[in-house]
file run.tsv (TSV, C-alpha atoms)
chain	number	residue	atom	x	y	z
A	1	MET	CA	4.92	294.09	213.35
A	2	TYR	CA	2.06	294.54	211.00
A	3	GLY	CA	0.59	297.18	208.75
A	4	THR	CA	-3.12	297.05	209.51
A	5	GLU	CA	-5.26	300.05	208.68
A	6	ARG	CA	-8.07	301.47	210.81
A	7	ARG	CA	-11.08	302.60	208.80
A	8	GLN	CA	-11.90	306.29	209.14
A	9	SER	CA	-14.96	307.12	211.21
A	10	SER	CA	-16.06	309.71	208.63
A	11	ASP	CA	-16.50	307.02	205.99
A	12	THR	CA	-20.00	305.62	206.32
A	13	THR	CA	-20.82	302.07	205.27
A	14	SER	CA	-23.00	303.24	202.38
A	15	MET	CA	-20.36	305.64	201.05
A	16	THR	CA	-17.56	303.10	201.11
A	17	TYR	CA	-19.74	300.38	199.61
A	18	LEU	CA	-20.85	302.65	196.74
A	19	SER	CA	-17.26	303.74	196.16
A	20	GLN	CA	-16.01	300.16	196.01
A	21	THR	CA	-18.88	299.10	193.73
A	22	HIS	CA	-18.34	302.10	191.43
A	23	TRP	CA	-14.67	301.34	190.91
A	24	ARG	CA	-15.24	297.60	190.53
A	25	SER	CA	-17.74	298.24	187.71
A	26	ARG	CA	-15.29	300.57	185.98
A	27	MET	CA	-12.47	298.05	186.25
A	28	THR	CA	-14.65	295.24	184.92
A	29	ALA	CA	-15.63	297.34	181.93
A	30	ALA	CA	-11.96	298.05	181.20
A	31	ARG	CA	-10.89	294.41	181.02
A	32	GLY	CA	-11.23	294.25	177.25
A	33	ILE	CA	-9.32	297.49	176.62
A	34	PRO	CA	-5.54	297.51	176.15
A	35	ALA	CA	-4.04	298.52	179.47
A	36	THR	CA	-1.78	301.21	178.04
A	37	ASP	CA	-4.81	303.03	176.64
A	38	GLU	CA	-6.42	303.21	180.07
A	39	LEU	CA	-3.45	304.11	182.26
A	40	ASP	CA	-3.54	307.84	182.96
A	41	PHE	CA	-2.20	310.41	185.40
A	42	PHE	CA	-4.97	313.02	185.33
A	43	ALA	CA	-6.43	312.62	188.82
A	44	THR	CA	-5.86	310.59	191.95
A	45	LEU	CA	-8.09	307.67	192.90
A	46	ASP	CA	-10.50	307.55	195.83
A	47	ARG	CA	-8.43	308.00	198.99
A	48	ARG	CA	-10.76	305.71	200.96
A	49	LEU	CA	-9.79	302.78	198.76
A	50	LEU	CA	-6.12	303.54	199.47
A	51	HIS	CA	-6.50	303.89	203.27
A	52	ARG	CA	-5.53	307.54	203.25
A	53	ARG	CA	-7.19	310.48	205.00
A	54	ALA	CA	-5.27	313.32	203.31
A	55	ILE	CA	-5.62	313.73	199.55
A	56	SER	CA	-2.09	315.15	199.53
A	57	GLU	CA	-0.83	311.68	200.52
A	58	VAL	CA	-2.58	309.95	197.58
A	59	PHE	CA	-0.33	309.17	194.61
A	60	LEU	CA	-2.19	306.44	192.69
A	61	THR	CA	-3.96	307.79	189.59
A	62	SER	CA	-5.18	304.77	187.61
A	63	MET	CA	-5.39	301.00	187.47
A	64	VAL	CA	-6.32	298.56	184.72
A	65	PRO	CA	-6.51	294.76	185.07
A	66	THR	CA	-4.40	292.91	182.50
A	67	SER	CA	-5.45	289.39	183.48
A	68	ARG	CA	-7.13	287.54	186.30
A	69	ASP	CA	-3.89	287.75	188.25
A	70	GLY	CA	-2.38	291.02	187.08
A	71	PHE	CA	-2.85	294.74	186.63
A	72	LEU	CA	-1.17	297.93	185.52
A	73	ALA	CA	-1.23	300.99	187.78
A	74	GLY	CA	-0.13	304.58	187.41
A	75	ALA	CA	1.03	306.97	190.11
A	76	GLN	CA	2.11	310.58	190.03
A	77	LEU	CA	5.06	311.13	192.36
A	78	PRO	CA	5.62	314.61	193.81
A	79	SER	CA	8.76	316.56	192.95
A	80	SER	CA	8.52	318.29	196.34
A	81	HIS	CA	7.20	316.74	199.54
A	82	THR	CA	7.93	317.51	203.19
A	83	TYR	CA	8.72	313.85	203.89
A	84	PHE	CA	9.48	311.93	200.70
A	85	THR	CA	11.88	314.50	199.18
A	86	ASP	CA	13.51	315.60	202.43
A	87	HIS	CA	16.98	314.10	201.94
A	88	GLN	CA	20.57	315.20	202.30
A	89	GLN	CA	21.86	314.27	198.83
A	90	GLU	CA	24.13	315.63	196.15
A	91	ARG	CA	21.77	314.08	193.58
A	92	ARG	CA	18.05	314.47	194.32
A	93	THR	CA	16.78	311.00	193.55
A	94	LEU	CA	13.48	309.21	194.00
A	95	ASP	CA	12.98	307.93	197.53
A	96	PRO	CA	12.63	304.10	197.63
A	97	LEU	CA	10.04	304.49	200.39
A	98	LEU	CA	7.97	306.70	198.08
A	99	LEU	CA	8.05	303.89	195.53
A	100	LEU	CA	7.06	301.40	198.23
A	101	GLU	CA	4.18	303.66	199.27
A	102	ALA	CA	2.96	303.89	195.67
A	103	CYS	CA	3.06	300.09	195.47
A	104	ARG	CA	1.24	299.78	198.81
A	105	GLN	CA	-1.50	302.03	197.46
A	106	ALA	CA	-1.72	299.89	194.31
A	107	GLU	CA	-1.95	296.72	196.41
A	108	THR	CA	-4.64	298.23	198.63
A	109	PHE	CA	-6.75	299.49	195.74
A	110	ALA	CA	-6.43	296.17	193.89
A	111	ALA	CA	-7.39	294.20	196.98
A	112	HIS	CA	-10.61	296.18	197.40
A	113	VAL	CA	-11.61	296.60	193.77
A	114	LEU	CA	-10.23	293.57	191.94
A	115	HIS	CA	-10.34	290.99	194.73
A	116	GLU	CA	-13.39	292.29	196.62
A	117	VAL	CA	-11.75	292.55	200.02
A	118	PRO	CA	-14.31	294.40	202.20
A	119	LEU	CA	-13.75	298.06	202.97
A	120	ASP	CA	-13.65	297.44	206.71
A	121	ALA	CA	-11.11	294.59	206.52
A	122	LYS	CA	-7.80	295.04	208.30
A	123	PHE	CA	-4.73	294.89	206.09
A	124	VAL	CA	-1.67	293.10	207.49
A	125	LEU	CA	1.75	293.63	205.93
A	126	ARG	CA	3.80	290.43	206.20
A	127	SER	CA	6.82	291.40	204.11
A	128	TRP	CA	7.94	293.72	201.34
A	129	SER	CA	11.11	294.46	199.46
A	130	TRP	CA	12.59	296.87	196.93
A	131	GLN	CA	15.46	296.20	194.53
A	132	GLN	CA	16.84	299.01	192.39
A	133	ILE	CA	17.89	298.42	188.78
A	134	GLY	CA	20.75	300.58	187.58
A	135	GLN	CA	21.40	304.05	188.91
A	136	ALA	CA	18.69	305.79	190.91
A	137	PRO	CA	16.90	308.36	188.70
A	138	GLU	CA	17.04	312.00	189.62
A	139	LEU	CA	13.85	313.75	190.64
A	140	PRO	CA	12.39	315.51	187.60
A	141	ALA	CA	11.57	319.20	187.70
A	142	GLY	CA	7.86	318.36	187.74
A	143	PRO	CA	5.79	315.41	188.99
A	144	ALA	CA	7.07	312.00	187.92
A	145	GLU	CA	4.76	309.47	186.25
A	146	LEU	CA	5.34	305.99	187.64
A	147	ALA	CA	4.04	302.86	185.92
A	148	ILE	CA	3.58	299.64	187.90
A	149	ARG	CA	3.04	296.20	186.38
A	150	ALA	CA	1.86	293.72	189.00
A	151	THR	CA	1.22	290.00	189.16
A	152	THR	CA	-0.54	288.36	192.10
A	153	SER	CA	-0.04	284.81	193.33
A	154	ASN	CA	-0.65	282.47	196.25
A	155	PRO	CA	-4.24	283.56	196.95
A	156	GLN	CA	-5.60	282.48	200.31
A	157	VAL	CA	-9.39	282.30	200.47
A	158	ARG	CA	-11.55	281.49	203.48
A	159	ASP	CA	-15.33	281.68	203.73
A	160	GLY	CA	-15.46	283.32	200.31
A	161	MET	CA	-13.10	286.17	201.25
A	162	VAL	CA	-9.56	286.65	200.00
A	163	ARG	CA	-7.42	286.48	203.15
A	164	GLY	CA	-3.99	286.89	201.58
A	165	LEU	CA	-2.09	287.61	198.37
A	166	ASP	CA	1.48	287.94	197.17
A	167	TYR	CA	2.31	290.81	194.79
A	168	ASP	CA	5.25	290.97	192.38
A	169	MET	CA	5.62	294.45	190.86
A	170	ASP	CA	7.93	295.91	188.22
A	171	LEU	CA	8.33	299.69	188.12
A	172	TRP	CA	9.07	302.09	185.25
A	173	LEU	CA	9.61	305.82	185.01
A	174	GLY	CA	9.46	307.43	181.58
A	175	GLY	CA	9.75	304.02	179.93
A	176	ALA	CA	12.93	303.12	181.83
A	177	PRO	CA	12.92	300.29	184.40
A	178	LEU	CA	13.47	301.40	188.00
A	179	GLY	CA	13.38	298.14	189.90
A	180	SER	CA	11.02	295.67	191.49
A	181	VAL	CA	8.86	295.38	194.59
A	182	GLN	CA	7.60	292.22	196.24
A	183	LEU	CA	4.82	292.50	198.81
A	184	ARG	CA	3.01	289.89	200.89
A	185	ALA	CA	-0.21	290.91	202.60
A	186	SER	CA	-3.01	289.35	204.62
A	187	TYR	CA	-6.56	290.64	205.08
A	188	LEU	CA	-8.51	290.13	208.29
A	189	PRO	CA	-12.29	290.47	208.65
A	190	ALA	CA	-13.16	293.43	210.84
A	191	ALA	CA	-15.20	291.22	213.17
A	192	ILE	CA	-12.22	289.13	214.29
A	193	TYR	CA	-9.51	291.80	214.35
A	194	PRO	CA	-10.19	293.18	217.88
A	195	GLY	CA	-10.09	289.69	219.32
A	196	ILE	CA	-6.79	288.93	217.61
A	197	ARG	CA	-5.25	292.10	219.00
A	198	ARG	CA	-6.55	291.48	222.53
A	199	HIS	CA	-5.34	287.89	222.46
A	200	GLY	CA	-1.89	288.89	221.24
A	201	ARG	CA	-1.24	291.59	223.85
A	202	GLY	CA	-3.67	290.83	226.67
A	203	SER	CA	-5.58	294.11	226.38
A	204	ASN	CA	-7.03	296.53	223.87
A	205	PRO	CA	-4.27	298.47	222.09
A	206	PRO	CA	-4.12	302.26	222.42
A	207	LEU	CA	-4.42	304.51	219.39
A	208	SER	CA	-1.68	306.75	218.06
A	209	ASP	CA	-3.74	309.88	218.72
A	210	GLY	CA	-3.57	309.12	222.46
A	211	ALA	CA	-0.70	308.46	224.85
A	212	VAL	CA	2.35	306.93	223.13
A	213	VAL	CA	5.53	305.77	224.87
A	214	GLN	CA	8.51	307.78	223.60
A	215	PRO	CA	12.21	307.38	224.40
A	216	THR	CA	13.83	309.58	227.02
A	217	THR	CA	17.08	309.70	225.03
A	218	GLN	CA	17.99	312.62	222.78
A	219	ALA	CA	16.70	312.68	219.20
A	220	LEU	CA	19.34	312.48	216.50
A	221	ALA	CA	20.18	315.54	214.43
A	222	PRO	CA	18.75	315.39	210.89
A	223	HIS	CA	22.19	315.30	209.23
A	224	GLN	CA	23.07	312.13	211.16
A	225	VAL	CA	20.38	310.19	209.29
A	226	GLY	CA	20.42	311.92	205.91
A	227	ARG	CA	17.50	314.23	206.63
A	228	LEU	CA	17.01	318.00	206.56
A	229	ARG	CA	13.84	318.42	208.66
A	230	PRO	CA	13.82	317.46	212.37
A	231	GLU	CA	10.22	316.25	212.14
A	232	ASN	CA	11.33	313.44	209.81
A	233	VAL	CA	13.85	312.00	212.29
A	234	VAL	CA	12.59	308.80	213.94
A	235	LEU	CA	15.63	307.79	216.00
A	236	ALA	CA	16.99	308.79	219.40
A	237	GLY	CA	19.83	307.67	221.65
A	238	LEU	CA	22.32	306.48	219.03
A	239	ARG	CA	24.95	304.29	220.69
A	240	GLU	CA	27.57	301.67	219.94
A	241	GLU	CA	27.20	298.17	221.36
A	242	GLU	CA	29.35	295.04	221.19
A	243	THR	CA	27.38	293.62	218.27
A	244	GLY	CA	26.78	296.84	216.32
A	245	THR	CA	24.89	300.12	216.54
A	246	ALA	CA	21.65	300.68	218.46
A	247	ALA	CA	19.04	303.41	218.77
A	248	ASP	CA	15.55	303.99	220.17
A	249	LEU	CA	12.49	304.49	217.99
A	250	LEU	CA	11.02	307.98	218.19
A	251	VAL	CA	7.43	307.27	217.13
A	252	PRO	CA	6.45	310.06	214.67
A	253	VAL	CA	2.75	310.26	215.54
A	254	ALA	CA	2.63	313.96	214.60
A	255	ASN	CA	4.09	313.35	211.13
A	256	PRO	CA	1.15	313.34	208.67
A	257	SER	CA	2.98	311.22	206.11
A	258	MET	CA	3.94	308.41	208.47
A	259	PHE	CA	0.75	308.60	210.58
A	260	ASP	CA	-1.87	309.80	208.11
A	261	HIS	CA	-4.65	308.63	210.44
A	262	PRO	CA	-4.90	307.03	213.91
A	263	LEU	CA	-3.46	303.50	214.16
A	264	ASP	CA	-3.20	300.98	216.98
A	265	HIS	CA	0.44	300.08	216.21
A	266	VAL	CA	3.59	301.38	214.56
A	267	PRO	CA	3.08	300.85	210.80
A	268	GLY	CA	5.48	299.09	208.46
A	269	MET	CA	6.49	302.32	206.72
A	270	VAL	CA	7.79	303.76	210.00
A	271	ALA	CA	9.74	300.57	210.69
A	272	MET	CA	11.34	300.78	207.23
A	273	GLU	CA	12.17	304.46	207.72
A	274	ALA	CA	13.74	303.76	211.10
A	275	ALA	CA	15.83	300.93	209.66
A	276	ARG	CA	17.00	303.14	206.81
A	277	GLN	CA	17.97	305.92	209.20
A	278	LEU	CA	19.94	303.57	211.45
A	279	ALA	CA	21.71	302.05	208.44
A	280	LEU	CA	22.63	305.53	207.23
A	281	ALA	CA	23.76	306.54	210.71
A	282	THR	CA	26.19	303.62	210.82
A	283	THR	CA	27.48	304.63	207.38
A	284	ASN	CA	27.81	308.22	208.56
A	285	ASP	CA	30.04	307.05	211.39
A	286	ARG	CA	32.30	305.18	208.97
A	287	ARG	CA	32.43	307.63	206.05
A	288	GLY	CA	31.61	310.99	207.60
A	289	SER	CA	29.05	312.07	204.97
A	290	LEU	CA	25.68	310.86	203.71
A	291	SER	CA	25.30	313.18	200.73
A	292	ARG	CA	26.58	310.52	198.31
A	293	THR	CA	25.04	307.45	199.94
A	294	GLN	CA	22.05	305.81	198.25
A	295	VAL	CA	19.66	303.10	199.41
A	296	THR	CA	19.58	300.52	196.61
A	297	SER	CA	17.58	297.74	198.24
A	298	LEU	CA	15.22	297.13	201.15
A	299	HIS	CA	13.73	293.95	202.52
A	300	GLY	CA	11.50	293.73	205.58
A	301	GLU	CA	9.92	290.79	207.38
A	302	PHE	CA	7.25	291.64	209.96
A	303	GLY	CA	6.39	288.99	212.53
A	304	ARG	CA	4.69	290.89	215.35
A	305	TYR	CA	2.85	294.13	215.96
A	306	LEU	CA	5.04	296.97	217.17
A	307	GLU	CA	2.97	298.36	220.01
A	308	LEU	CA	2.62	302.03	220.88
A	309	ASP	CA	2.75	301.62	224.66
A	310	ALA	CA	6.20	300.03	225.09
A	311	PRO	CA	9.72	301.17	224.07
A	312	ILE	CA	11.15	299.93	220.76
A	313	THR	CA	14.87	299.54	220.13
A	314	LEU	CA	16.75	299.01	216.88
A	315	HIS	CA	20.02	297.14	216.44
A	316	ALA	CA	22.09	297.33	213.23
A	317	ALA	CA	25.16	295.48	212.02
A	318	PRO	CA	26.80	294.99	208.61
A	319	THR	CA	26.40	291.60	206.97
A	320	ILE	CA	29.55	289.50	207.27
A	321	GLY	CA	31.33	289.61	203.92
A	322	GLN	CA	28.87	292.19	202.56
A	323	PRO	CA	29.37	295.40	204.55
A	324	GLU	CA	27.08	297.33	202.19
A	325	LEU	CA	24.13	295.26	203.48
A	326	ILE	CA	23.01	296.43	206.92
A	327	GLN	CA	20.89	294.06	209.00
A	328	VAL	CA	18.47	295.89	211.31
A	329	SER	CA	16.39	294.26	214.04
A	330	LEU	CA	13.46	296.03	215.72
A	331	ARG	CA	12.84	294.65	219.19
A	332	GLN	CA	10.18	295.27	221.80
A	333	GLN	CA	10.10	293.78	225.29
A	334	GLY	CA	13.04	291.56	224.38
A	335	VAL	CA	11.40	290.03	221.29
A	336	GLU	CA	12.21	290.74	217.65
A	337	ALA	CA	9.15	292.15	215.88
A	338	ALA	CA	10.70	293.03	212.51
A	339	ALA	CA	13.89	292.25	210.61
A	340	ILE	CA	14.91	294.66	207.85
A	341	ARG	CA	17.87	294.54	205.47
A	342	VAL	CA	19.09	297.81	203.93
A	343	GLY	CA	21.40	297.86	200.89
A	344	LEU	CA	23.62	300.93	200.49
A	345	SER	CA	26.00	302.20	197.84
A	346	ALA	CA	27.73	305.38	196.73
A	347	ALA	CA	25.50	307.66	194.65
A	348	ASP	CA	27.45	307.00	191.45
A	349	ALA	CA	27.49	303.21	191.84
A	350	VAL	CA	25.30	301.06	189.61
A	351	THR	CA	23.57	298.01	191.00
A	352	GLY	CA	23.19	294.76	189.16
A	353	SER	CA	20.16	293.31	187.46
A	354	ARG	CA	17.03	292.35	189.29
A	355	SER	CA	17.53	289.59	191.84
call {"tool": "encode", "arguments": {"input": "run.tsv", "output": "structure tokens"}}
result
Amino acid sequence: MYGTERRQSSDTTSMTYLSQTHWRSRMTAARGIPATDELDFFATLDRRLLHRRAISEVFLTSMVPTSRDGFLAGAQLPSSHTYFTDHQQERRTLDPLLLLEACRQAETFAAHVLHEVPLDAKFVLRSWSWQQIGQAPELPAGPAELAIRATTSNPQVRDGMVRGLDYDMDLWLGGAPLGSVQLRASYLPAAIYPGIRRHGRGSNPPLSDGAVVQPTTQALAPHQVGRLRPENVVLAGLREEETGTAADLLVPVANPSMFDHPLDHVPGMVAMEAARQLALATTNDRRGSLSRTQVTSLHGEFGRYLELDAPITLHAAPTIGQPELIQVSLRQQGVEAAAIRVGLSAADAVTGSRS
């Protein structure tokens, strides 16, 4: 399952080219300036360079290159959000998926501006992970200012275009370390993407603003998956099986945070959200309450596209010898498309150092 982005029809070639050129010139000029002097949180960056349609879903505010292979980025995280702060918790803490989204925006902006990946290229998420350091910080009363220090490695270049990069990111909030994110992405030229999709599935994929196959089973109640709002629930048909717990994916095409714009597949963020919800649901069955359960780590590997026109099932089971690590498999038409590991702990537990 991949995380490609479809370019918005309202963005003309000239507009996107000028936007990319404008930001690249600004970043080049900033190379000789200390990064901490340039990192600010005054305004969000161009949404088109972050693959976002709604400005309300843009969190990245600044970026400064620190070397040929590194950069600093700033993001302002909302203290209230219909998706990212909708959690059933005794302590209102920062959502790991919000941190992953901020890092995805940093990766996307850096790919376009620092590495000159074309605006119409298709971005493919291969893997990403989050590891918390210490206790999860509580949400501040106002917006939180996140600092990201990133290093890139393993560049893959073909025909003069960067086709892939690995990102290693360290995150801070108010000068205190939060944890780390690793992200591996590929970039496909727009000219070859339709052929790749047709070859992989035998036909052109439908878009998420059209007909989407949904489960016929009953959606879970929000409290079963640590949510408050029904529109943020992405699971249906929770059931026990011989090897663990299973559920069906309820594709949230009407949710503007998970489907900000039309896509031809289920994006990586939805897969991670579904895995988290199933992991929490299994914990709910064992402990009876989710208000004190925290997600302390996430790791996802995406091997195939999750299509919109076929049912998707999830299977979860604790890791042998490490019951706090829940292994979740997303399967479609009998084949595993994504494997996600979710680390859980009580809200007052403290995780170890970065792994």
call {"tool": "residues_around", "arguments": {"input": "run.tsv", "residues": "Pro205 (chain A)", "least_positions_apart": "2", "cutoff": "12 Å", "atoms": "only C-alpha atoms", "output": "list in words"}}
result
Tyr193, Pro194, Gly195, Ile196, Arg197, Arg198, His199, Gly200, Arg201, Gly202, Ser203, Leu207, Ser208, Asp209, Gly210, Ala211, Val212, Pro262, Leu263, Asp264, His265, Val266, Tyr305, Leu306, Glu307, Leu308, Asp309 and Ala310 of chain A
call {"tool": "write_last_selection", "arguments": {"input": "run.tsv", "atoms": "C-alpha atoms", "output": "CSV table (one decimal), keeping the file's coordinate frame"}}
result
chain,number,residue,atom,x,y,z
A,193,TYR,CA,-9.5,291.8,214.4
A,194,PRO,CA,-10.2,293.2,217.9
A,195,GLY,CA,-10.1,289.7,219.3
A,196,ILE,CA,-6.8,288.9,217.6
A,197,ARG,CA,-5.2,292.1,219.0
A,198,ARG,CA,-6.6,291.5,222.5
A,199,HIS,CA,-5.3,287.9,222.5
A,200,GLY,CA,-1.9,288.9,221.2
A,201,ARG,CA,-1.2,291.6,223.8
A,202,GLY,CA,-3.7,290.8,226.7
A,203,SER,CA,-5.6,294.1,226.4
A,207,LEU,CA,-4.4,304.5,219.4
A,208,SER,CA,-1.7,306.8,218.1
A,209,ASP,CA,-3.7,309.9,218.7
A,210,GLY,CA,-3.6,309.1,222.5
A,211,ALA,CA,-0.7,308.5,224.8
A,212,VAL,CA,2.4,306.9,223.1
A,262,PRO,CA,-4.9,307.0,213.9
A,263,LEU,CA,-3.5,303.5,214.2
A,264,ASP,CA,-3.2,301.0,217.0
A,265,HIS,CA,0.4,300.1,216.2
A,266,VAL,CA,3.6,301.4,214.6
A,305,TYR,CA,2.8,294.1,216.0
A,306,LEU,CA,5.0,297.0,217.2
A,307,GLU,CA,3.0,298.4,220.0
A,308,LEU,CA,2.6,302.0,220.9
A,309,ASP,CA,2.8,301.6,224.7
A,310,ALA,CA,6.2,300.0,225.1
call {"tool": "closest_residue", "arguments": {"input": "run.tsv", "among": "A:Ala54, A:Leu235, A:Leu330, A:Leu77", "to": "Glu101 (chain A)", "atoms": "all atoms listed in the file"}}
result
A:Leu77
call {"tool": "residues_around", "arguments": {"input": "run.tsv", "residues": "Thr313 (chain A)", "least_positions_apart": "3", "cutoff": "7 Å", "atoms": "only C-alpha atoms", "output": "PyMOL selection string"}}
result
chain A and resi 247-249+330-332
call {"tool": "closest_residue", "arguments": {"input": "run.tsv", "among": "A:Lys122, A:His223, A:Arg53, A:His261", "to": "His87 (chain A)", "atoms": "all atoms listed in the file"}}
result
A:His223
call {"tool": "residues_near_point", "arguments": {"input": "run.tsv", "point": "(11.2, 304.3, 184.2)", "cutoff": "12 Å", "atoms": "all atoms listed in the file", "output": "ChimeraX atom specification"}}
result
/A:74,94,99,132-140,144-149,170-180
call {"tool": "atom_distance", "arguments": {"input": "run.tsv", "atom1": "CA of Gln182 (chain A)", "atom2": "CA of Val162 (chain A)"}}
result
18.4 Å
call {"tool": "residues_around", "arguments": {"input": "run.tsv", "residues": "Pro318 (chain A)", "least_positions_apart": "2", "cutoff": "12 Å", "atoms": "only C-alpha atoms", "output": "ChimeraX atom specification"}}
result
/A:243-245,278-280,282-283,286,315-316,320-329,340-344
call {"tool": "axis_aligned_box", "arguments": {"input": "run.tsv", "around": "region 239-254 of chain A", "padding_each_side": "4 Å", "output": "JSON"}}
result
{"center_x": 16.0, "center_y": 303.8, "center_z": 218.0, "size_x": 34.7, "size_y": 28.3, "size_z": 14.8}
call {"tool": "residues_around", "arguments": {"input": "run.tsv", "residues": "region 102-104 of chain A", "least_positions_apart": "3", "cutoff": "8 Å", "atoms": "only C-alpha atoms", "output": "PyMOL selection string"}}
result
chain A and resi 59-60+75+98-99+107-108+148+169+181
call {"tool": "residues_around", "arguments": {"input": "run.tsv", "residues": "region 291-296 of chain A", "least_positions_apart": "5", "cutoff": "8 Å", "atoms": "all atoms listed in the file", "output": "PyMOL selection string"}}
result
chain A and resi 88-91+96+130-132+136+226+276+280+342-348+351
call {"tool": "write_last_selection", "arguments": {"input": "run.tsv", "atoms": "C-alpha atoms", "output": "compact mmCIF listing (two decimals), in the frame of the given file"}}
result
# COMPACT_ATOMS: atom_id res chain seq x y z
CA GLN A 88 20.57 315.20 202.30
CA GLN A 89 21.86 314.27 198.83
CA GLU A 90 24.13 315.63 196.15
CA ARG A 91 21.77 314.08 193.58
CA PRO A 96 12.63 304.10 197.63
CA TRP A 130 12.59 296.87 196.93
CA GLN A 131 15.46 296.20 194.53
CA GLN A 132 16.84 299.01 192.39
CA ALA A 136 18.69 305.79 190.91
CA GLY A 226 20.42 311.92 205.91
CA ARG A 276 17.00 303.14 206.81
CA LEU A 280 22.63 305.53 207.23
CA VAL A 342 19.09 297.81 203.93
CA GLY A 343 21.40 297.86 200.89
CA LEU A 344 23.62 300.93 200.49
CA SER A 345 26.00 302.20 197.84
CA ALA A 346 27.73 305.38 196.73
CA ALA A 347 25.50 307.66 194.65
CA ASP A 348 27.45 307.00 191.45
CA THR A 351 23.57 298.01 191.00
call {"tool": "closest_residue", "arguments": {"input": "run.tsv", "among": "A:Asp260, A:Glu116, A:Glu57, A:Asp159", "to": "Leu45 (chain A)", "atoms": "all atoms listed in the file"}}
result
A:Glu57
call {"tool": "atom_distance", "arguments": {"input": "run.tsv", "atom1": "CA of Thr85 (chain A)", "atom2": "CA of Ala221 (chain A)"}}
result
17.4 Å
